[in-house]
Amino acid sequence: MAGSVLGEVFRISTWGESHGKGLGVVVDGCPAGIPLCEEDIQTYLDRRKPGETKYSTPRKEGDEVTILSGVFEGYTTGTPISMMVLNTSQKSGDYSNIAEVYRPGHADYTFDAKYGFRDYRGGGRSSGRETIGRVAAGAIAMKILQELGITIRAYTKQIGPYVCREEALSLENIEKSPLRMPDLKLSAQAEDYLAEKMKDHDSVGGMIECVISGMPAGIGEPVFGKLDAALAGSIFSIGAVKGVEIGAGFAVAEKCGSENNDGFYMDAEGKVKKHTNFAGGILGGMSDGDDIVIRAAFKPTPSIFQPQDTVNRHGEDVEIQIKGRHDPVIMPRAVVVVESMAAVTIVDRLFVGMTSRIDKIRDFYR
């Protein structure tokens with residue numbers, strides 16, 4: 001199957017299925033000499049682990065990572081880093097009633113149309129558990145970015161009708177909220193709303209905002225390798241994402257140029273700065289040195305415990321009521337996935353950008 005590899009220089013290849021023996025990732029292009037151990041990876045995997053709150057699937061998985069290669073005596077060797085997480089809590093029988101039926105909102109039909117076959121146990125490669133490999137790779141990318149003074153932080157900005165206001169955001173509240181919302185008062189309101197929907201056997205959509213700080217200007221390509229296109233593509237590859245915007249995003253459609261342009265000025269240190277950041281840190285496909293601001297819209301979890309109309313593989317109209325263990329809301333566990341995809345993309349674009357100027361290459365090899 002094609003489409004499991006991302007990146008040009010810093011390349012990741014995820015593998016595994018939701019109800020197979022395990023899942024993992026191979027990371028190639030990681031420089032040698034970076035301190036790395038399984039605990040560094042586990043910290044990130046624990047943030048997406050199921051069963052941690054009442055707002056996630058009750059499936060209990062330790063999601064304990066094993067580094068199989070690419071690390072020696074606590075440091076990366078420059079060779080491919082392979083990591084694996086074993087599945088320990090599969091209940092494949094929960095999915096026997098959908099073996100011949102296409103679940104609404106899932107990839108069942110399209111997977112079958114493409115391959116003539118599908119793993120109906122939890123969605124196979126289309127399952128949210130595939131993101132384990134992304135997060136493990138993202139943890140390594142984050143280590144690289146730390147060396148460069150670049151930080152990435154994401155949080156739940158919206159759940160249903162509850163949207164965090166900029167003036168009420170406090171990043172220190174993110175991990176205090178079971179929904180990973182940086183506004184604890186709004187988080188409590190969203191929790192009540194979500195509890196009502198859970199009683200109705202329904203699910204809820206929302207939005208994650210991600211901010212990348214400390215980026216140098218000039219990263220990205222001006223034509224087909226635009227940084228915003230790369231970031232949007234990697235985040236769109238997360239299964240439940242249905243919309244991505246950068247900076248002012250879709251709001252630019254209502255603006256005039258005089259309102260949308262970010263005016264430049266020189267700061268006290270002689271650096272180029274902007275008065276505003278409607279561009280979201282990217283101009284002409286290249287970073288402008290300001291914060292890169294990305295927002296991703298997530299659809300409601302399609303697995304809901306309500307009767308739904310569908311069809312089966314034999315072309316018959318049927319009704320289905322999905323069983324199993326599912327998240328009523330995706331965003332809290334997806335926050336670290338968005339961070340990871342942003343980190344992997346930024347590292348790859350930084351590495352590609354190292355060859356853009358001969359003076360930089362000359363200085364490096366001298």
# chains A, B, ... in the order shown; residues from 1 in each chain; ligands from 1
>>> closest_atom_pairs(of="region 216-317 of chain A", to="region 101-111 of chain A", cutoff="7 Å", atoms="only C-alpha atoms", output="CSV")
residue,atom,partner,partner_atom,distance
A:Pro302,CA,A:Gly105,CA,5.1
A:Thr310,CA,A:Tyr102,CA,6.5
A:Val311,CA,A:Tyr102,CA,6.1
A:Asn312,CA,A:Val101,CA,4.1
A:Arg313,CA,A:Val101,CA,6.2
>>> select_by_dssp(residues="region 110-295 of chain A", states="strand (DSSP E or B)", output="number ranges by chain")
A: 151-159, 162-163, 204, 206-213, 241-246, 264-266, 272-274, 282-283, 286-287, 292-295
>>> write_last_selection(atoms="C-alpha atoms", output="CSV table (one decimal), in the first residue's frame")
chain,number,residue,atom,x,y,z
A,151,THR,CA,8.7,25.2,20.3
A,152,ILE,CA,5.3,23.7,19.2
A,153,ARG,CA,2.2,23.8,21.4
A,154,ALA,CA,-1.3,22.7,20.5
A,155,TYR,CA,-4.6,22.8,22.4
A,156,THR,CA,-8.3,22.2,22.0
A,157,LYS,CA,-9.6,25.6,20.8
A,158,GLN,CA,-13.2,24.5,20.2
A,159,ILE,CA,-15.6,21.7,21.2
A,162,TYR,CA,-17.7,26.3,22.8
A,163,VAL,CA,-14.8,28.4,21.4
A,204,VAL,CA,-19.0,16.0,19.0
A,206,GLY,CA,-14.2,20.7,17.3
A,207,MET,CA,-11.0,22.4,16.5
A,208,ILE,CA,-7.3,22.3,17.6
A,209,GLU,CA,-5.0,25.3,17.3
A,210,CYS,CA,-1.3,24.8,17.0
A,211,VAL,CA,1.4,27.5,17.5
A,212,ILE,CA,5.0,27.1,16.3
A,213,SER,CA,7.3,29.7,17.8
A,241,VAL,CA,-9.4,16.4,10.0
A,242,LYS,CA,-11.8,18.0,7.5
A,243,GLY,CA,-10.4,21.6,7.4
A,244,VAL,CA,-7.1,23.4,8.0
A,245,GLU,CA,-6.4,27.1,8.1
A,246,ILE,CA,-3.3,29.2,8.7
A,264,PHE,CA,6.6,45.5,8.9
A,265,TYR,CA,8.9,47.4,11.3
A,266,MET,CA,12.4,47.1,12.6
A,272,VAL,CA,12.3,42.6,10.8
A,273,LYS,CA,9.0,42.3,12.7
A,274,LYS,CA,5.3,42.6,11.9
A,282,ILE,CA,4.1,32.3,6.4
A,283,LEU,CA,4.4,34.6,3.4
A,286,MET,CA,8.1,30.6,3.4
A,287,SER,CA,8.3,31.3,7.1
A,292,ILE,CA,3.1,30.0,12.7
A,293,VAL,CA,-0.6,29.6,13.7
A,294,ILE,CA,-2.5,26.6,12.4
A,295,ARG,CA,-6.1,25.5,13.1
>>> closest_residue(among="A:Val318, A:Leu45, A:Met354, A:Cys30", to="Ala139 (chain A)", atoms="only C-alpha atoms")
A:Leu45
>>> atom_distance(atom1="CA of Val71 (chain A)", atom2="CA of Gly24 (chain A)")
15.8 Å
